[in-house]
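Trainee: The structure that follows is given in the form of structure tokens.
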Amino acid sequence: GRSCITPRVTEKGRLLRLSVKFFPIKEKIKGSDSTVLLANYYNYLYESTCGKRCILFSNSKGEVEENIAHLKRISEQKHGGDTYLVHHANISAALRDFTEKSMKNGEQPVCTGATVTLELGIDLGRLERIVQTGCPLTVSGLVQRLGRTGRRGGAAEMRFAFRWDMSLPPNDFYKEINWDFVMCTAMILLYTRERWIEPTFLPKLPYSLLYHQTMSVLASSGAIQPRELARQILSLAVFSHVTREDYLMLLRYMLENGQLERGEDGSLLIGEKGEAAVSNYEFLAVFTVPQEYSVRCGSEEIGTVQSPFPPNSRFALAGQAWEVTELDKKELRIYVKHIDGISANMWMDTGNEYVHTKVMKKMLEVIQSDEQYGFLDEAARNRLSDRRTTCRSAASLSETEHAVLPLSDTSFAVFPFLGTRGAMALQYALREMGFDANVWLSRYIPVCIEVHSPKGAQAVSAALSELKRNGADKYSFSIPDNCEICGKYNDFIPHPLLKKQYVEDYLDTDDLVNIE
């Protein structure tokens, strides 16, 4: 209700330099050397980062460590100096701080391998280039990373590099497509031509946060009457969709489990078990903190890992290889010594990535189009052309209104090109209609829904038409008991509320109108 003035800001057009290169790692050609093919990939990364102040982004900590280890080795072989650093959440604060200062204050070339930790929020000074292995997780992420360069009037430059094992055995056609390559092309088009990024998604039923805020209010206020507690909590905008009945269910559950206690006057206060949760220093964070082992070389902390590597095992961290000398499970510490060479690391990268329907629709447009995109190199153009031909050949097998492609006499693949929430809703809607249906994900991309239907493709197509026309009631879906959205305090939330949260915030039946 407040009056305000919105400034009208005009900006000059930005110059963008974008390129996408594709590297086949193994070929189905007799006599081809996969070692040479993989070396071509890392040599390109080296050529793109050598002598530059840049960031090499990857989508996982394991890939960051692998890339930097290979680039360090190449740089050592070519006497290029040690200009490669690592920055991600499992690197110690001291090493992250050193990396940030090296990026911001120095003028010498330096390349930092990073995940989302350097996507935004940290001033890194003047960067000349961004290199990305694979596809950014979102259009927003692509824009944030691209925006790291091109400041102070310069051109913003971002290079994408994809590698793909071409020797994989024949499979269903859609499982042979590197969909993140197609999605990257779609994301570049969405930003450069439409200036579109994903809208902010706000969950309607953040019950884990509801528990956290309830305990926080009680910790600061002491005993408080239930009515006054509900007034304070439910008046917060983030809980505007939480009903008083649901909040009452949560409070009763917390009383039953010792999180809360009742005073003689009927007021609520933190119970004995609740005190243990609130007094823990990790209570301040609303996100889950996994158990991690501190990795130490002498007195210096290198970082953390989630796996308790046994003595004599080797792993990568901070762009270097280490060998375990001692494991202290009680103190959660791993003592290591530095070794030469390259080691792998089994990182447990967690978290859900949701693809927006508009991104999926643009991917469909890319596949159906004959346009050649100037930012793709020859190998990438050939790969895209080949995949377009494959998809068109497969689509010609469909004799139904929708893209229902036969896998066998009773098994079919449905390509609705919906976002994650819409695809999951379609899966449950088809199950409600008597089909055995499961979303098939390529990493986190909802490529298709595999459907078993003894009645044939026509029955599946008719069901899709009905859902596109009439929608579905997601509250009537039969949801498995173990389905819930991850939350730090889910153990303190009654299961009916967790199930309700899953249905409300993870399934989007309104998106069914966009079924292809």
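Labels for the structure tokens follow display order: chains A, B, ..., residues from 1 in each chain, ligands from 1.
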Quick check for you: according to DSSP on this backbone, which residues of stretch 102-309 of chain A are classed as strand (DSSP E or B)? Reply as a ChimeraX atom specification.
Mentor: /A:110-114,129-133,156-165,224,260-262,268-270,293-297,300-305
Trainee: Measuring between only C-alpha atoms, which one of A:Ile68, A:Ala423, A:Thr83, A:Asp123 shows the shortest distance to A:Glu100?
Mentor: A:Asp123
Trainee: Just give me the gap between atom CA of A:Gln291 and atom CA of A:Ala316 in Å, one decimal is fine.
Mentor: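 These two atoms are separated by 18.6 Å.
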Trainee: Would you please extract all alpha helix (DSSP H) residues from stretch 249-462 of chain A, as assigned by DSSP on the backbone, and give them as a short mmCIF file (atom, residue, chain, number, x, y, z; two decimals) with all heavy atoms, in the first residue's frame?
Mentor:
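Result went into out_31.cif, see below:
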```cif
data_model
loop_
_atom_site.label_atom_id
_atom_site.label_comp_id
_atom_site.auth_asym_id
_atom_site.auth_seq_id
_atom_site.Cartn_x
_atom_site.Cartn_y
_atom_site.Cartn_z
N MET A 249 -2.35 -29.24 13.96
CA MET A 249 -1.85 -30.62 13.84
C MET A 249 -0.36 -30.66 14.14
O MET A 249 0.13 -31.57 14.83
CB MET A 249 -2.13 -31.15 12.43
CG MET A 249 -1.63 -32.59 12.22
SD MET A 249 -1.74 -33.16 10.49
CE MET A 249 -3.51 -33.11 10.24
N LEU A 250 0.39 -29.68 13.62
CA LEU A 250 1.83 -29.65 13.88
C LEU A 250 2.12 -29.46 15.36
O LEU A 250 2.98 -30.16 15.94
CB LEU A 250 2.47 -28.52 13.06
CG LEU A 250 3.95 -28.26 13.35
CD1 LEU A 250 4.79 -29.49 13.02
CD2 LEU A 250 4.45 -27.04 12.57
N LEU A 251 1.41 -28.52 16.02
CA LEU A 251 1.66 -28.27 17.44
C LEU A 251 1.35 -29.50 18.29
O LEU A 251 2.09 -29.82 19.23
CB LEU A 251 0.83 -27.07 17.91
CG LEU A 251 1.20 -25.71 17.30
CD1 LEU A 251 0.26 -24.62 17.82
CD2 LEU A 251 2.65 -25.35 17.61
N ARG A 252 0.27 -30.19 17.96
CA ARG A 252 -0.07 -31.40 18.71
C ARG A 252 1.00 -32.47 18.53
O ARG A 252 1.36 -33.17 19.47
CB ARG A 252 -1.43 -31.92 18.23
CG ARG A 252 -2.62 -31.09 18.74
CD ARG A 252 -3.91 -31.56 18.11
NE ARG A 252 -5.07 -30.86 18.68
CZ ARG A 252 -6.29 -30.90 18.17
NH1 ARG A 252 -6.52 -31.60 17.05
NH2 ARG A 252 -7.28 -30.24 18.73
N TYR A 253 1.51 -32.60 17.31
CA TYR A 253 2.55 -33.58 17.04
C TYR A 253 3.82 -33.24 17.82
O TYR A 253 4.51 -34.12 18.35
CB TYR A 253 2.84 -33.61 15.54
CG TYR A 253 3.72 -34.74 15.08
CD1 TYR A 253 3.22 -36.03 14.93
CD2 TYR A 253 5.07 -34.53 14.78
CE1 TYR A 253 4.03 -37.08 14.49
CE2 TYR A 253 5.89 -35.57 14.34
CZ TYR A 253 5.36 -36.83 14.20
OH TYR A 253 6.15 -37.87 13.78
N MET A 254 4.14 -31.97 17.90
CA MET A 254 5.32 -31.53 18.63
C MET A 254 5.16 -31.77 20.13
O MET A 254 6.14 -32.09 20.83
CB MET A 254 5.60 -30.05 18.34
CG MET A 254 6.02 -29.79 16.90
SD MET A 254 6.04 -28.03 16.44
CE MET A 254 7.41 -27.45 17.43
N LEU A 255 3.93 -31.64 20.64
CA LEU A 255 3.67 -31.95 22.04
C LEU A 255 3.84 -33.45 22.30
O LEU A 255 4.43 -33.85 23.31
CB LEU A 255 2.25 -31.51 22.41
CG LEU A 255 2.04 -30.00 22.65
CD1 LEU A 255 0.56 -29.67 22.68
CD2 LEU A 255 2.72 -29.57 23.96
N GLU A 256 3.32 -34.26 21.40
CA GLU A 256 3.41 -35.71 21.58
C GLU A 256 4.85 -36.20 21.56
O GLU A 256 5.19 -37.19 22.22
CB GLU A 256 2.62 -36.42 20.46
CG GLU A 256 1.11 -36.19 20.52
CD GLU A 256 0.42 -36.72 19.28
OE1 GLU A 256 1.12 -37.30 18.41
OE2 GLU A 256 -0.82 -36.54 19.16
N GLU A 272 11.74 -30.82 26.59
CA GLU A 272 13.09 -31.32 26.82
C GLU A 272 13.79 -31.70 25.53
O GLU A 272 14.95 -31.35 25.30
CB GLU A 272 13.03 -32.53 27.77
CG GLU A 272 14.40 -33.10 28.11
CD GLU A 272 14.31 -34.27 29.07
OE1 GLU A 272 13.21 -34.56 29.57
OE2 GLU A 272 15.36 -34.91 29.29
N LYS A 273 13.09 -32.44 24.64
CA LYS A 273 13.70 -32.82 23.37
C LYS A 273 13.87 -31.61 22.45
O LYS A 273 14.81 -31.54 21.66
CB LYS A 273 12.87 -33.90 22.70
CG LYS A 273 12.88 -35.23 23.44
CD LYS A 273 12.11 -36.30 22.68
CE LYS A 273 12.15 -37.63 23.42
NZ LYS A 273 11.39 -38.69 22.71
N GLY A 274 12.96 -30.66 22.56
CA GLY A 274 13.08 -29.45 21.76
C GLY A 274 14.27 -28.60 22.17
O GLY A 274 14.91 -27.97 21.32
N GLU A 275 14.60 -28.62 23.46
CA GLU A 275 15.77 -27.88 23.95
C GLU A 275 17.04 -28.40 23.29
O GLU A 275 17.95 -27.62 22.95
CB GLU A 275 15.88 -28.01 25.47
CG GLU A 275 14.88 -27.19 26.25
CD GLU A 275 15.20 -25.71 26.25
OE1 GLU A 275 16.24 -25.32 25.69
OE2 GLU A 275 14.39 -24.93 26.79
N ALA A 276 17.11 -29.73 23.13
CA ALA A 276 18.30 -30.31 22.49
C ALA A 276 18.46 -29.81 21.07
O ALA A 276 19.58 -29.56 20.60
CB ALA A 276 18.20 -31.83 22.52
N ALA A 277 17.34 -29.64 20.35
CA ALA A 277 17.40 -29.16 18.96
C ALA A 277 17.76 -27.68 18.91
O ALA A 277 18.61 -27.27 18.12
CB ALA A 277 16.08 -29.42 18.26
N VAL A 278 17.14 -26.88 19.76
CA VAL A 278 17.34 -25.43 19.72
C VAL A 278 18.73 -25.03 20.21
O VAL A 278 19.33 -24.07 19.71
CB VAL A 278 16.24 -24.72 20.55
CG1 VAL A 278 16.51 -23.23 20.65
CG2 VAL A 278 14.87 -24.96 19.92
N SER A 279 19.26 -25.75 21.19
CA SER A 279 20.56 -25.39 21.75
C SER A 279 21.72 -25.79 20.84
O SER A 279 22.85 -25.35 21.04
CB SER A 279 20.73 -26.05 23.12
OG SER A 279 20.67 -27.46 23.03
N THR A 357 8.83 -25.46 -17.63
CA THR A 357 8.17 -25.91 -18.86
C THR A 357 8.62 -25.10 -20.07
O THR A 357 8.77 -25.64 -21.16
CB THR A 357 6.64 -25.83 -18.70
OG1 THR A 357 6.21 -26.84 -17.78
CG2 THR A 357 5.93 -26.05 -20.02
N LYS A 358 8.86 -23.80 -19.88
CA LYS A 358 9.28 -22.98 -21.02
C LYS A 358 10.62 -23.45 -21.58
O LYS A 358 10.85 -23.39 -22.78
CB LYS A 358 9.36 -21.51 -20.62
CG LYS A 358 9.52 -20.57 -21.82
CD LYS A 358 9.41 -19.12 -21.41
CE LYS A 358 9.57 -18.18 -22.61
NZ LYS A 358 8.47 -18.30 -23.58
N VAL A 359 11.49 -23.95 -20.72
CA VAL A 359 12.77 -24.50 -21.18
C VAL A 359 12.53 -25.77 -21.99
O VAL A 359 13.13 -25.97 -23.05
CB VAL A 359 13.70 -24.79 -19.98
CG1 VAL A 359 14.98 -25.49 -20.45
CG2 VAL A 359 14.03 -23.50 -19.24
N MET A 360 11.62 -26.63 -21.51
CA MET A 360 11.31 -27.86 -22.24
C MET A 360 10.69 -27.55 -23.60
O MET A 360 10.98 -28.22 -24.60
CB MET A 360 10.38 -28.74 -21.41
CG MET A 360 10.95 -29.23 -20.09
SD MET A 360 12.44 -30.23 -20.26
CE MET A 360 11.84 -31.62 -21.24
N LYS A 361 9.82 -26.55 -23.66
CA LYS A 361 9.20 -26.18 -24.94
C LYS A 361 10.25 -25.65 -25.92
O LYS A 361 10.18 -25.94 -27.13
CB LYS A 361 8.12 -25.11 -24.72
CG LYS A 361 6.95 -25.57 -23.86
CD LYS A 361 6.22 -26.75 -24.48
CE LYS A 361 5.00 -27.13 -23.64
NZ LYS A 361 4.38 -28.38 -24.12
N LYS A 362 11.20 -24.89 -25.41
CA LYS A 362 12.25 -24.38 -26.29
C LYS A 362 13.15 -25.52 -26.77
O LYS A 362 13.62 -25.51 -27.92
CB LYS A 362 13.08 -23.33 -25.55
CG LYS A 362 14.17 -22.68 -26.39
CD LYS A 362 13.60 -21.97 -27.63
CE LYS A 362 12.83 -20.74 -27.27
NZ LYS A 362 12.46 -19.93 -28.45
N MET A 363 13.36 -26.53 -25.93
CA MET A 363 14.13 -27.72 -26.37
C MET A 363 13.41 -28.41 -27.51
O MET A 363 14.03 -28.84 -28.49
CB MET A 363 14.32 -28.67 -25.20
CG MET A 363 15.27 -28.17 -24.13
SD MET A 363 15.29 -29.20 -22.63
CE MET A 363 15.88 -30.75 -23.29
N LEU A 364 12.09 -28.53 -27.41
CA LEU A 364 11.30 -29.12 -28.50
C LEU A 364 11.45 -28.30 -29.77
O LEU A 364 11.60 -28.85 -30.87
CB LEU A 364 9.83 -29.22 -28.08
CG LEU A 364 8.86 -29.73 -29.15
CD1 LEU A 364 9.22 -31.14 -29.59
CD2 LEU A 364 7.42 -29.67 -28.63
N GLU A 365 11.41 -26.99 -29.63
CA GLU A 365 11.57 -26.11 -30.79
C GLU A 365 12.93 -26.30 -31.45
O GLU A 365 13.04 -26.33 -32.68
CB GLU A 365 11.40 -24.65 -30.33
CG GLU A 365 11.50 -23.63 -31.43
CD GLU A 365 11.36 -22.21 -30.90
OE1 GLU A 365 10.42 -21.97 -30.11
OE2 GLU A 365 12.20 -21.35 -31.27
N VAL A 366 13.97 -26.46 -30.64
CA VAL A 366 15.33 -26.68 -31.16
C VAL A 366 15.38 -27.97 -31.95
O VAL A 366 15.96 -28.05 -33.03
CB VAL A 366 16.35 -26.69 -30.00
CG1 VAL A 366 17.70 -27.21 -30.49
CG2 VAL A 366 16.49 -25.31 -29.40
N ILE A 367 14.75 -29.03 -31.42
CA ILE A 367 14.77 -30.34 -32.07
C ILE A 367 13.99 -30.31 -33.39
O ILE A 367 14.41 -30.90 -34.39
CB ILE A 367 14.19 -31.41 -31.13
CG1 ILE A 367 15.16 -31.65 -29.96
CG2 ILE A 367 13.95 -32.72 -31.88
CD1 ILE A 367 14.60 -32.55 -28.90
N GLN A 368 12.88 -29.59 -33.41
CA GLN A 368 12.02 -29.58 -34.60
C GLN A 368 12.52 -28.63 -35.68
O GLN A 368 12.14 -28.75 -36.84
CB GLN A 368 10.60 -29.21 -34.19
CG GLN A 368 9.89 -30.27 -33.35
CD GLN A 368 8.49 -29.85 -32.95
OE1 GLN A 368 8.19 -28.65 -32.85
NE2 GLN A 368 7.62 -30.82 -32.72
N GLU A 378 31.36 -26.89 -35.45
CA GLU A 378 30.97 -27.87 -36.47
C GLU A 378 30.55 -29.20 -35.85
O GLU A 378 29.54 -29.79 -36.24
CB GLU A 378 32.13 -28.09 -37.45
CG GLU A 378 31.76 -29.05 -38.58
CD GLU A 378 32.89 -29.26 -39.56
OE1 GLU A 378 33.97 -28.64 -39.36
OE2 GLU A 378 32.71 -30.01 -40.54
N ALA A 379 31.31 -29.67 -34.86
CA ALA A 379 30.97 -30.94 -34.22
C ALA A 379 29.63 -30.85 -33.50
O ALA A 379 28.83 -31.79 -33.52
CB ALA A 379 32.07 -31.36 -33.24
N ALA A 380 29.38 -29.70 -32.86
CA ALA A 380 28.10 -29.51 -32.15
C ALA A 380 26.95 -29.43 -33.14
O ALA A 380 25.86 -29.97 -32.91
CB ALA A 380 28.16 -28.25 -31.29
N ARG A 381 27.16 -28.75 -34.29
CA ARG A 381 26.11 -28.66 -35.31
C ARG A 381 25.81 -30.05 -35.87
O ARG A 381 24.64 -30.40 -36.07
CB ARG A 381 26.53 -27.71 -36.43
CG ARG A 381 26.51 -26.25 -36.03
CD ARG A 381 26.55 -25.35 -37.27
NE ARG A 381 27.77 -25.56 -38.06
CZ ARG A 381 28.91 -24.90 -37.87
NH1 ARG A 381 28.98 -23.98 -36.91
NH2 ARG A 381 29.97 -25.13 -38.62
N ASN A 382 26.85 -30.81 -36.11
CA ASN A 382 26.65 -32.17 -36.64
C ASN A 382 25.91 -33.03 -35.63
O ASN A 382 25.04 -33.83 -36.01
CB ASN A 382 28.00 -32.80 -37.00
CG ASN A 382 28.66 -32.14 -38.18
OD1 ASN A 382 27.99 -31.48 -38.99
ND2 ASN A 382 29.97 -32.29 -38.30
N ARG A 383 26.26 -32.91 -34.37
CA ARG A 383 25.60 -33.70 -33.33
C ARG A 383 24.13 -33.32 -33.25
O ARG A 383 23.25 -34.19 -33.15
CB ARG A 383 26.29 -33.45 -31.98
CG ARG A 383 25.65 -34.19 -30.80
CD ARG A 383 25.77 -35.69 -30.95
NE ARG A 383 25.26 -36.39 -29.78
CZ ARG A 383 25.13 -37.71 -29.69
NH1 ARG A 383 25.46 -38.47 -30.72
NH2 ARG A 383 24.67 -38.26 -28.60
N LEU A 384 23.82 -32.02 -33.28
CA LEU A 384 22.44 -31.58 -33.20
C LEU A 384 21.66 -32.05 -34.42
O LEU A 384 20.52 -32.52 -34.31
CB LEU A 384 22.37 -30.06 -33.08
CG LEU A 384 20.97 -29.45 -33.01
CD1 LEU A 384 20.19 -30.00 -31.82
CD2 LEU A 384 21.05 -27.91 -32.94
N SER A 385 22.26 -31.94 -35.60
CA SER A 385 21.60 -32.40 -36.83
C SER A 385 21.30 -33.89 -36.77
O SER A 385 20.21 -34.34 -37.16
CB SER A 385 22.48 -32.07 -38.04
OG SER A 385 21.89 -32.55 -39.23
N ASP A 386 22.25 -34.64 -36.27
CA ASP A 386 22.07 -36.10 -36.15
C ASP A 386 20.93 -36.42 -35.18
O ASP A 386 20.11 -37.30 -35.45
CB ASP A 386 23.37 -36.73 -35.67
CG ASP A 386 23.23 -38.23 -35.46
OD1 ASP A 386 22.90 -38.94 -36.42
OD2 ASP A 386 23.44 -38.69 -34.31
N ARG A 387 20.88 -35.71 -34.06
CA ARG A 387 19.81 -35.96 -33.07
C ARG A 387 18.45 -35.52 -33.60
O ARG A 387 17.42 -36.13 -33.30
CB ARG A 387 20.12 -35.23 -31.77
CG ARG A 387 21.39 -35.71 -31.05
CD ARG A 387 21.33 -37.20 -30.72
NE ARG A 387 21.86 -38.04 -31.81
CZ ARG A 387 21.78 -39.36 -31.83
NH1 ARG A 387 21.18 -40.01 -30.85
NH2 ARG A 387 22.28 -40.04 -32.85
N ARG A 388 18.42 -34.46 -34.39
CA ARG A 388 17.16 -34.03 -35.01
C ARG A 388 16.63 -35.12 -35.93
O ARG A 388 15.43 -35.45 -35.91
CB ARG A 388 17.37 -32.74 -35.79
CG ARG A 388 17.46 -31.48 -34.93
CD ARG A 388 17.92 -30.29 -35.75
NE ARG A 388 17.73 -29.03 -35.05
CZ ARG A 388 18.19 -27.86 -35.47
NH1 ARG A 388 18.87 -27.80 -36.63
NH2 ARG A 388 17.98 -26.76 -34.77
N THR A 389 17.52 -35.69 -36.72
CA THR A 389 17.12 -36.76 -37.64
C THR A 389 16.60 -37.97 -36.87
O THR A 389 15.59 -38.58 -37.23
CB THR A 389 18.31 -37.17 -38.52
OG1 THR A 389 18.76 -36.04 -39.28
CG2 THR A 389 17.92 -38.28 -39.48
N THR A 390 17.29 -38.31 -35.78
CA THR A 390 16.88 -39.44 -34.95
C THR A 390 15.49 -39.22 -34.37
O THR A 390 14.63 -40.12 -34.41
CB THR A 390 17.88 -39.66 -33.80
OG1 THR A 390 19.17 -39.95 -34.34
CG2 THR A 390 17.45 -40.79 -32.90
N CYS A 391 15.23 -38.02 -33.84
CA CYS A 391 13.93 -37.72 -33.24
C CYS A 391 12.81 -37.73 -34.28
O CYS A 391 11.70 -38.22 -34.02
CB CYS A 391 13.98 -36.37 -32.52
SG CYS A 391 15.00 -36.36 -31.04
N ARG A 392 13.09 -37.22 -35.47
CA ARG A 392 12.06 -37.21 -36.51
C ARG A 392 11.75 -38.61 -36.99
O ARG A 392 10.59 -38.93 -37.26
CB ARG A 392 12.52 -36.33 -37.67
CG ARG A 392 12.52 -34.85 -37.34
CD ARG A 392 13.25 -34.03 -38.38
NE ARG A 392 13.30 -32.62 -37.99
CZ ARG A 392 14.04 -31.70 -38.60
NH1 ARG A 392 14.79 -32.05 -39.65
NH2 ARG A 392 14.04 -30.45 -38.18
N SER A 393 12.77 -39.44 -37.08
CA SER A 393 12.54 -40.83 -37.48
C SER A 393 11.69 -41.55 -36.45
O SER A 393 10.79 -42.32 -36.80
CB SER A 393 13.88 -41.55 -37.65
OG SER A 393 14.64 -40.95 -38.67
N ALA A 394 11.96 -41.28 -35.16
CA ALA A 394 11.18 -41.91 -34.11
C ALA A 394 9.75 -41.39 -34.11
O ALA A 394 8.79 -42.16 -33.95
CB ALA A 394 11.84 -41.65 -32.75
N ALA A 395 9.58 -40.07 -34.32
CA ALA A 395 8.24 -39.49 -34.30
C ALA A 395 7.38 -40.03 -35.42
O ALA A 395 6.15 -40.11 -35.29
CB ALA A 395 8.34 -37.96 -34.41
N THR A 420 9.47 -30.07 -14.69
CA THR A 420 9.55 -31.14 -13.69
C THR A 420 8.24 -31.33 -12.95
O THR A 420 7.74 -32.45 -12.82
CB THR A 420 10.67 -30.83 -12.69
OG1 THR A 420 11.90 -30.61 -13.40
CG2 THR A 420 10.85 -31.98 -11.71
N ARG A 421 7.65 -30.27 -12.47
CA ARG A 421 6.42 -30.38 -11.67
C ARG A 421 5.24 -30.84 -12.51
O ARG A 421 4.40 -31.60 -12.05
CB ARG A 421 6.12 -29.04 -10.98
CG ARG A 421 7.15 -28.67 -9.92
CD ARG A 421 6.79 -27.34 -9.24
NE ARG A 421 7.71 -27.06 -8.15
CZ ARG A 421 8.87 -26.40 -8.28
NH1 ARG A 421 9.24 -25.97 -9.48
NH2 ARG A 421 9.64 -26.19 -7.24
N GLY A 422 5.19 -30.38 -13.76
CA GLY A 422 4.12 -30.82 -14.64
C GLY A 422 4.27 -32.27 -15.04
O GLY A 422 3.30 -33.03 -15.10
N ALA A 423 5.51 -32.69 -15.31
CA ALA A 423 5.76 -34.09 -15.70
C ALA A 423 5.43 -35.04 -14.55
O ALA A 423 4.86 -36.11 -14.77
CB ALA A 423 7.21 -34.26 -16.13
N MET A 424 5.79 -34.66 -13.32
CA MET A 424 5.47 -35.50 -12.18
C MET A 424 3.95 -35.59 -11.98
O MET A 424 3.42 -36.66 -11.64
CB MET A 424 6.14 -34.96 -10.92
CG MET A 424 7.66 -35.05 -10.93
SD MET A 424 8.28 -36.73 -11.16
CE MET A 424 7.61 -37.54 -9.69
N ALA A 425 3.24 -34.49 -12.18
CA ALA A 425 1.78 -34.51 -12.07
C ALA A 425 1.18 -35.42 -13.13
O ALA A 425 0.24 -36.17 -12.87
CB ALA A 425 1.22 -33.09 -12.19
N LEU A 426 1.72 -35.37 -14.36
CA LEU A 426 1.22 -36.22 -15.44
C LEU A 426 1.45 -37.69 -15.12
O LEU A 426 0.60 -38.54 -15.41
CB LEU A 426 1.89 -35.84 -16.76
CG LEU A 426 1.49 -36.65 -17.99
CD1 LEU A 426 -0.02 -36.62 -18.21
CD2 LEU A 426 2.23 -36.17 -19.23
N GLN A 427 2.59 -37.99 -14.54
CA GLN A 427 2.87 -39.38 -14.15
C GLN A 427 1.78 -39.91 -13.21
O GLN A 427 1.22 -40.99 -13.43
CB GLN A 427 4.22 -39.45 -13.44
CG GLN A 427 4.48 -40.77 -12.72
CD GLN A 427 5.69 -40.71 -11.81
OE1 GLN A 427 6.80 -40.86 -12.28
NE2 GLN A 427 5.48 -40.48 -10.52
N TYR A 428 1.46 -39.15 -12.17
CA TYR A 428 0.45 -39.61 -11.20
C TYR A 428 -0.95 -39.62 -11.81
O TYR A 428 -1.77 -40.48 -11.48
CB TYR A 428 0.48 -38.73 -9.95
CG TYR A 428 1.66 -39.00 -9.06
CD1 TYR A 428 2.66 -38.05 -8.88
CD2 TYR A 428 1.78 -40.21 -8.38
CE1 TYR A 428 3.75 -38.30 -8.07
CE2 TYR A 428 2.87 -40.48 -7.56
CZ TYR A 428 3.84 -39.52 -7.40
OH TYR A 428 4.92 -39.77 -6.60
N ALA A 429 -1.22 -38.65 -12.70
CA ALA A 429 -2.54 -38.62 -13.35
C ALA A 429 -2.74 -39.87 -14.21
O ALA A 429 -3.82 -40.47 -14.22
CB ALA A 429 -2.67 -37.35 -14.19
N LEU A 430 -1.70 -40.28 -14.95
CA LEU A 430 -1.80 -41.49 -15.77
C LEU A 430 -1.96 -42.73 -14.89
O LEU A 430 -2.69 -43.67 -15.23
CB LEU A 430 -0.57 -41.62 -16.66
CG LEU A 430 -0.48 -40.63 -17.83
CD1 LEU A 430 0.88 -40.71 -18.51
CD2 LEU A 430 -1.60 -40.90 -18.84
N ARG A 431 -1.30 -42.74 -13.75
CA ARG A 431 -1.47 -43.87 -12.84
C ARG A 431 -2.90 -43.94 -12.32
O ARG A 431 -3.46 -45.03 -12.18
CB ARG A 431 -0.50 -43.72 -11.66
CG ARG A 431 0.96 -43.95 -12.01
CD ARG A 431 1.85 -43.78 -10.79
NE ARG A 431 3.26 -43.96 -11.12
CZ ARG A 431 4.25 -43.86 -10.23
NH1 ARG A 431 3.97 -43.58 -8.95
NH2 ARG A 431 5.51 -44.03 -10.59
N GLU A 432 -3.50 -42.78 -12.04
CA GLU A 432 -4.89 -42.76 -11.59
C GLU A 432 -5.83 -43.30 -12.66
O GLU A 432 -6.89 -43.84 -12.35
CB GLU A 432 -5.30 -41.32 -11.22
CG GLU A 432 -4.71 -40.80 -9.92
CD GLU A 432 -5.27 -41.52 -8.71
OE1 GLU A 432 -6.48 -41.43 -8.47
OE2 GLU A 432 -4.48 -42.19 -8.00
N ALA A 457 -1.28 -47.82 -27.94
CA ALA A 457 -0.93 -46.40 -27.98
C ALA A 457 -2.17 -45.51 -28.03
O ALA A 457 -2.17 -44.39 -27.49
CB ALA A 457 -0.04 -46.12 -29.18
N GLN A 458 -3.23 -45.97 -28.70
CA GLN A 458 -4.44 -45.14 -28.82
C GLN A 458 -5.02 -44.83 -27.45
O GLN A 458 -5.52 -43.73 -27.21
CB GLN A 458 -5.47 -45.85 -29.71
CG GLN A 458 -5.06 -46.00 -31.16
CD GLN A 458 -4.93 -44.66 -31.87
OE1 GLN A 458 -5.51 -43.67 -31.44
NE2 GLN A 458 -4.19 -44.65 -32.98
N ALA A 459 -4.98 -45.81 -26.53
CA ALA A 459 -5.51 -45.59 -25.19
C ALA A 459 -4.70 -44.55 -24.44
O ALA A 459 -5.25 -43.69 -23.73
CB ALA A 459 -5.52 -46.91 -24.42
N VAL A 460 -3.38 -44.59 -24.62
CA VAL A 460 -2.52 -43.60 -23.97
C VAL A 460 -2.79 -42.22 -24.54
O VAL A 460 -2.91 -41.23 -23.81
CB VAL A 460 -1.04 -43.98 -24.14
CG1 VAL A 460 -0.15 -42.93 -23.48
CG2 VAL A 460 -0.76 -45.35 -23.54
N SER A 461 -2.89 -42.12 -25.85
CA SER A 461 -3.14 -40.84 -26.50
C SER A 461 -4.48 -40.26 -26.07
O SER A 461 -4.61 -39.05 -25.83
CB SER A 461 -3.10 -41.01 -28.02
OG SER A 461 -3.31 -39.78 -28.67
N ALA A 462 -5.51 -41.13 -25.95
CA ALA A 462 -6.82 -40.65 -25.52
C ALA A 462 -6.76 -40.11 -24.09
O ALA A 462 -7.38 -39.08 -23.77
CB ALA A 462 -7.84 -41.79 -25.60
#
```
Trainee: Identify which of the residues A:Ser408, A:Gln372, A:Gln320, A:Gln108 lies closest to A:Arg73, counting only C-alpha atoms when measuring atom-to-atom distances.
Mentor: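 Selected residue with least distance to A:Arg73: A:Gln320.
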Trainee: Go through stretch 302-378 of chain A and flag each residue having an atom no more than 12 Å from stretch 149-162 of chain A; for those, report the closest pair of atoms plus their distance in Å to one decimal, using only C-alpha atoms, ordered by chain and rising number, as a tab-separated table.
Mentor:
```
residue	atom	partner	partner_atom	distance
A:Phe375	CA	A:Arg159	CA	9.3
A:Leu376	CA	A:Phe160	CA	9.4
A:Asp377	CA	A:Ala161	CA	10.3
```
Trainee: Excluding same-chain residues fewer than 6 positions from A:Val513, what lies within 9 Å of it counting only C-alpha atoms, as a list in words?
Mentor: Leu467, Lys468, Arg469, Asn470 and Gly471 of chain A
Trainee: Got a sec: who's within 12 Å of stretch 282-289 of chain A, counting only C-alpha atoms, leaving out chain neighbours fewer than 3 positions off, as a PyMOL selection string?
Mentor: chain A and resi 89-90+206-213+215-216+219+274-279+292+306+350-351+486-490
